[in-house]
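K.L.:
My questions all concern the structure below.
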Amino acid sequence: MSKALLEISGLVAGYGHLPVLHGIDLSVKEGEIAAIIGANGAGKTTLMMSIFGNPKPSAGRILFEGRDITDLPAHAVALERIAQSPEGRRIFPRMTVLENLQMGTLIAPDKERYEDDLGHVFELFPVLATRKDQRAGTLSGGEQQMLAIARALMGQPRLLLLDEPSLGLAPLITRQIFAAIKALNEEGLTVLLVEQNAYHALKLASCGYVMVNGRITLSGSGTELLESDEVRRSYLEGGASSPSADEAKKGAKA
Amino acid sequence: MEYFLQQLINGIALGSIYGLIAIGYTMVYGIIGMINFAHGDVFMVGAFIALISFLGLMAVGVTFVPLALILVLVVAMLLTSAWGWTIERVAYRPLRSSFRLAPLITAIGMSIALQNFMQVAQGARVKPLQPVITGRFEMFAGDNFAVTLSNIQILIVVTTIVLMAVFWLIIDRTSLGRSLRACEQDRMMAALCGVNVDRTISLTFVMGAALAAVAGLLYLLYYGVIDFFIGFIVGIKAFTAAVLGGIGSLPGAMLGGLIIGLIETFWSAYFTIEYKDVAAFSMLALVLIFFPSGLLGRPEVEKV
Ligand SMILES: Nc1ncnc2c1ncn2[C@@H]1O[C@H](COP(=O)(O)OP(=O)(O)O)[C@@H](O)[C@H]1O
Ligand SMILES: [Mg+2]
């Protein structure tokens with residue numbers, strides 16, 4: 001039986017006096033991939049950032065390994081070994097690729113493993129090895145996304161948070177990134193994934209949540225959600241995520 | 001030619017002092033985007049702490065100059081850093097999430113407060129220090145003019161070079177320097193990486209103040225007199241140097257300092273000493289017309 005690594009209950013958070021999240025309940029079990037899908041503006045990024053107290057939750061609790069981390073400052077949450085590849089990647093543009101990766105190591109408990117970890121992320125994303133002395137700001141979008149994930153991995157995280165890792169990327173790169181996430185999970189890493197690309201995300205996830213206007217409206221296993229009417233209607237057929245909808249149909253035929 | 005060389009030497013010595021102070025302006029701007037107008041007065045406080053420590057050491061009979069210098073340097077750096085840390089803590093941190101002009105206003109207030117405090121505590125009159133470092137080399141003599149290099153000028157330039165090298169190594173090569181640059185580029189992301197942003201900002205103020213203290217000590221040794229008002233004009237010039245070099249850029253601050261020092265010295269030597277400050281500030285205006293983000297600054301658009 002796997003227990004909950006991250007347990008969010010009744011979380012309310014927003015900007016100014018306007019709440020964006022209206023009581024979120026969500027849990028991520030050790031070793032699984034959990035996915036949150038939802039339209040643009042639903043509050044997914046707000047949730048991912050409020051784990052780090054930015055914005056600060058005005059109600060509700062966040063437990064990590066059973067410890068209450070709701071009121072910890074952002075860096076202290078990170079030091080619990082929660083690493084995030086945030087929306088927009090936010091690599092440090094005027095540092096080299098290697099320096100960006102070194103920034104990821106600050107939360108790593110075992111500094112001796114640096115070389116091994118570096119080798120590991122270069123194996124996962126070989127292009128980063130060839131670019132390691134290049135300024136990160138000059139990387140392509142896909143490379144920056146790989147760097148953001150690699151930087152998070154350098155901290156030997158217990159939980160990896162990924163906010164829209166496929167945003168704006170070519171289908172080929174998207175597939176490469178999802179393959180990497182799958183491989184990491186198979187090595188035992190727990191992942192919380194936010195995606196608009198519902199098909200890819202739910203196929204990968206063992207547990208999924210649908211967020212609408214700051215509320216979780218539906219949850220279940222990845223396959224359950226993929227087959228549910230609501231998800232099919234709103235997130236898979238036509239609309240914003242048409243490429244993945246096509247793939248969903250192909251998947252259904254196969 | 002000899003006269004020109006002499007002015008070059010004088011200008012570099014003065015410019016080094018400006019550069020050391022300019023680093024403090026540029027670092028604080030880089031990390032929290034505010035102009036710490038009290039930084040010039042932190043330099044002034046550093047000069048006073050150096051003066052008081054010298055007098056104290058003389059009173060207890062420490063007369064061996066190298067030992068006295070090192071002790072004064074350490075004391076001035078430590079105490080001035082404490083001032084820098086405290087100023088950030090009480091005057092700027094509480095206002096960090098306030099509107100943009102708020103910290104600027106407290107910075108000006110802090111500047112006035114430091115000046116008034118020193119005026120009340122130490123008196124308004126000019127404070128002299130008997131020459132500590134004397135002697136000069138005659139490098140070579142022309143027809144009717146000898147180029148000389150004084151020991152204090154050597155000390156100023158060597159100290160500045162050593163400090164800049166150490167400083168550069170810290171910023172470029174250490175984990176601490178990386179965290180500092182990370183905060184400069186994306187403060188929230190730095191926090192997500194586990195950087196204690198508040199502590200890093202404090203550290204920026206501490207490092208800036210330590211360099212200002214060294215500048216204060218060198219200024220005191222070079223000119224032999226200080227008063228509570230030196231922070232204002234020297235501070236404005238160091239700020240000008242930081243803007244000239246490109247605010248936010250460390251090499252820019254040093255380069256700007258040297259340029260301002262040289263312009264001021266050459267203008268005084270060849271034109272009118274009364275207008276040396278006008279010359280320095282005109283240069284700033286000119287540079288900003290052609291390089292809006294300073295000589296080594298990066299255009300704002302690159303900011304993420
Ligand atoms: N920094 C901010 N300040 C104010 N409102 C914000 C901010 N960031 C997001 N919002 C608002 O919060 C809501 C949720 O946004 P977000 O969490 O980014 O959604 P998602 O990631 O699901 O697209 C949106 O209405 C957005 O306009
Ligand atoms: Mg988002």
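Ordered as shown in the structure tokens, chains take letters A, B, and onward, while each chain numbers its residues from 1 and ligands are numbered from 1 in the order shown.
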Mind listing the residues within 10 Å of ligand 2, only C-alpha atoms and all ligand atoms counted, as a list of chain:residue names?

P.N.:
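For ligand 2, the residues inside 10 Å are A:Gly38, A:Ala39, A:Asn40, A:Gly41, A:Ala42, A:Gly43, A:Lys44, A:Thr45, A:Thr46, A:Leu47, A:Met48, A:Met49, A:Pro86, A:Glu87, A:Gly88, A:Asp163, A:Glu164, A:Leu167, A:Val194, A:Glu195, A:Gln196.
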
K.L.:
Skipping near chain neighbours, those fewer than 3 positions away, what residues fall within 12 Å of region 127-139 of chain B using only C-alpha atoms, listed as number ranges by chain?

P.N.:
B: 2, 5-6, 9, 47-48, 50-56, 58, 63-69, 72, 118-119, 122-124, 142, 145-156, 217-230

K.L.:
Which residue gives the smallest distance to chain B among A:Leu72, A:Met146, A:Ile8, A:Ala34, with only C-alpha atoms counted?

P.N.:
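Smallest separation from chain B among the options: A:Leu72.
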
K.L.:
Skip Val90 (chain B) itself and residues of its chain fewer than 4 positions away, then list as JSON, numbers by chain all residues within 12 Å of it, counting only C-alpha atoms.

P.N.:
{"B": [83, 84, 85, 86, 94, 95, 96, 103, 106, 107, 110, 202]}

K.L.:
From the DSSP assignment of the backbone, select every residue of region 27-219 of chain A that is strand (DSSP E), and format the answer as a ChimeraX atom specification.

P.N.:
/A:27-29,33-38,59-64,67-68,82-85,159-163,190-195,207-212,215-219

K.L.:
Take CA of Gln7 (chain B) and CA of Glu264 (chain B) and report the distance between them in Å, one decimal.

P.N.:
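Separation of CA of Gln7 (chain B) and CA of Glu264 (chain B): 9.9 Å.
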
K.L.:
Can you list, as an MDAnalysis selection string, every protein, DNA or RNA residue that comes within 7 Å of Leu11 (chain A) when you count only C-alpha atoms, leaving out same-chain residues fewer than 4 positions away?

P.N.:
chainID A and resid 21:25 57 59:61

K.L.:
Quick one: residues within 10 Å of Trp168 (chain B), only C-alpha atoms, excluding same-chain residues fewer than 4 positions away - as a list in words?

P.N.:
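Those residues are Val162, Leu163, Met164, Asp172, Arg173, Thr174, Gly177, Leu250 and Pro251 of chain B.
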
K.L.:
Write out, as JSON lines, each residue of chain B that has an atom at most 10 Å from chain A, together with the closest pair of atoms and their distance in Å to one decimal, counting only C-alpha atoms, rows going by chain and rising number.

P.N.:
{"residue": "B:Asp172", "atom": "CA", "partner": "A:Met95", "partner_atom": "CA", "distance": 9.9}
{"residue": "B:Arg173", "atom": "CA", "partner": "A:Glu99", "partner_atom": "CA", "distance": 9.7}
{"residue": "B:Ser175", "atom": "CA", "partner": "A:Met103", "partner_atom": "CA", "distance": 8.0}
{"residue": "B:Arg178", "atom": "CA", "partner": "A:Met103", "partner_atom": "CA", "distance": 7.2}
{"residue": "B:Ser179", "atom": "CA", "partner": "A:Met103", "partner_atom": "CA", "distance": 7.2}
{"residue": "B:Arg181", "atom": "CA", "partner": "A:Met95", "partner_atom": "CA", "distance": 8.3}
{"residue": "B:Ala182", "atom": "CA", "partner": "A:Phe92", "partner_atom": "CA", "distance": 6.5}
{"residue": "B:Cys183", "atom": "CA", "partner": "A:Phe92", "partner_atom": "CA", "distance": 9.4}
{"residue": "B:Glu184", "atom": "CA", "partner": "A:Phe92", "partner_atom": "CA", "distance": 9.4}
{"residue": "B:Gln185", "atom": "CA", "partner": "A:Phe92", "partner_atom": "CA", "distance": 6.2}
{"residue": "B:Asp186", "atom": "CA", "partner": "A:Phe92", "partner_atom": "CA", "distance": 7.0}
{"residue": "B:Met188", "atom": "CA", "partner": "A:Ala74", "partner_atom": "CA", "distance": 8.2}
{"residue": "B:Met189", "atom": "CA", "partner": "A:Arg90", "partner_atom": "CA", "distance": 6.7}
{"residue": "B:Ala190", "atom": "CA", "partner": "A:Met103", "partner_atom": "CA", "distance": 8.0}
{"residue": "B:Ala191", "atom": "CA", "partner": "A:His75", "partner_atom": "CA", "distance": 4.6}
{"residue": "B:Leu192", "atom": "CA", "partner": "A:Ala78", "partner_atom": "CA", "distance": 5.6}
{"residue": "B:Cys193", "atom": "CA", "partner": "A:Gly104", "partner_atom": "CA", "distance": 5.8}
{"residue": "B:Gly194", "atom": "CA", "partner": "A:His75", "partner_atom": "CA", "distance": 4.1}
{"residue": "B:Val195", "atom": "CA", "partner": "A:His75", "partner_atom": "CA", "distance": 5.6}
{"residue": "B:Asn196", "atom": "CA", "partner": "A:His75", "partner_atom": "CA", "distance": 5.7}
{"residue": "B:Val197", "atom": "CA", "partner": "A:His75", "partner_atom": "CA", "distance": 7.8}
{"residue": "B:Glu302", "atom": "CA", "partner": "A:Pro93", "partner_atom": "CA", "distance": 8.9}
{"residue": "B:Lys303", "atom": "CA", "partner": "A:Pro93", "partner_atom": "CA", "distance": 8.8}
{"residue": "B:Val304", "atom": "CA", "partner": "A:Pro93", "partner_atom": "CA", "distance": 7.8}

K.L.:
What residues in region 102-180 of chain A get the DSSP label alpha helix (DSSP H)? Please answer as a PyMOL selection string.

P.N.:
chain A and resi 102-104+114-124+126-130+141-153+171-180

K.L.:
Show me, as a ChimeraX atom specification, the residues that have an atom within 9 Å of Ile108 (chain B) when counting only C-alpha atoms, minus same-chain residues fewer than 3 positions from it.

P.N.:
/B:36-38,103-105,111-113

K.L.:
How about saving the chosen residues, C-alpha atoms kept, as a PDB file, in the first residue's frame?

P.N.:
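Below is the file that was written, again-v9.pdb:
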ATOM      1  CA  ASN B  36      20.095  52.711  -2.245  1.00  0.00           C
ATOM      2  CA  PHE B  37      20.633  56.438  -1.845  1.00  0.00           C
ATOM      3  CA  ALA B  38      22.006  55.876   1.636  1.00  0.00           C
ATOM      4  CA  PRO B 103      11.972  52.298  -0.597  1.00  0.00           C
ATOM      5  CA  LEU B 104      13.427  55.184  -2.585  1.00  0.00           C
ATOM      6  CA  ILE B 105      11.900  57.642  -0.149  1.00  0.00           C
ATOM      7  CA  SER B 111      20.793  59.058   3.957  1.00  0.00           C
ATOM      8  CA  ILE B 112      19.758  62.217   5.815  1.00  0.00           C
ATOM      9  CA  ALA B 113      19.487  60.307   9.081  1.00  0.00           C
TER      10      ALA B 113
END

K.L.:
Just the residues within 8 Å of Thr190 (chain A), please, counting only C-alpha atoms, with nothing from its chain fewer than 6 positions along; format it as a ChimeraX atom specification.

P.N.:
/A:28-33,158-160

K.L.:
Could you save those same residues with C-alpha atoms as a PDB file, in the first residue's frame?

P.N.:
ATOM      1  CA  VAL A  28      -0.308  12.416  -4.636  1.00  0.00           C
ATOM      2  CA  LYS A  29       0.760   8.929  -3.624  1.00  0.00           C
ATOM      3  CA  GLU A  30       4.343   7.840  -3.311  1.00  0.00           C
ATOM      4  CA  GLY A  31       5.680   6.550  -6.622  1.00  0.00           C
ATOM      5  CA  GLU A  32       2.796   7.620  -8.832  1.00  0.00           C
ATOM      6  CA  ILE A  33       2.238  10.217 -11.516  1.00  0.00           C
ATOM      7  CA  ARG A 158      11.144  13.367  -3.424  1.00  0.00           C
ATOM      8  CA  LEU A 159       8.425  15.028  -5.465  1.00  0.00           C
ATOM      9  CA  LEU A 160       8.718  16.576  -8.904  1.00  0.00           C
TER      10      LEU A 160
END

K.L.:
Can you work out which one of A:Leu226, A:Leu202, A:Val20, A:Leu118 has the shortest atom-to-atom distance to ligand 1, counting only C-alpha atoms and all ligand atoms?

P.N.:
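Ranked by minimum distance to ligand 1, first place goes to A:Val20.
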
K.L.:
So what do you get for CA of Ala201 (chain A) versus CA of Ile149 (chain A), distance-wise?

P.N.:
16.0 Å

K.L.:
Can you work out the spacing between CA of Gly245 (chain B) and CA of Gly257 (chain B) in Å, to one decimal?

P.N.:
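Between CA of Gly245 (chain B) and CA of Gly257 (chain B) the gap is 7.9 Å.
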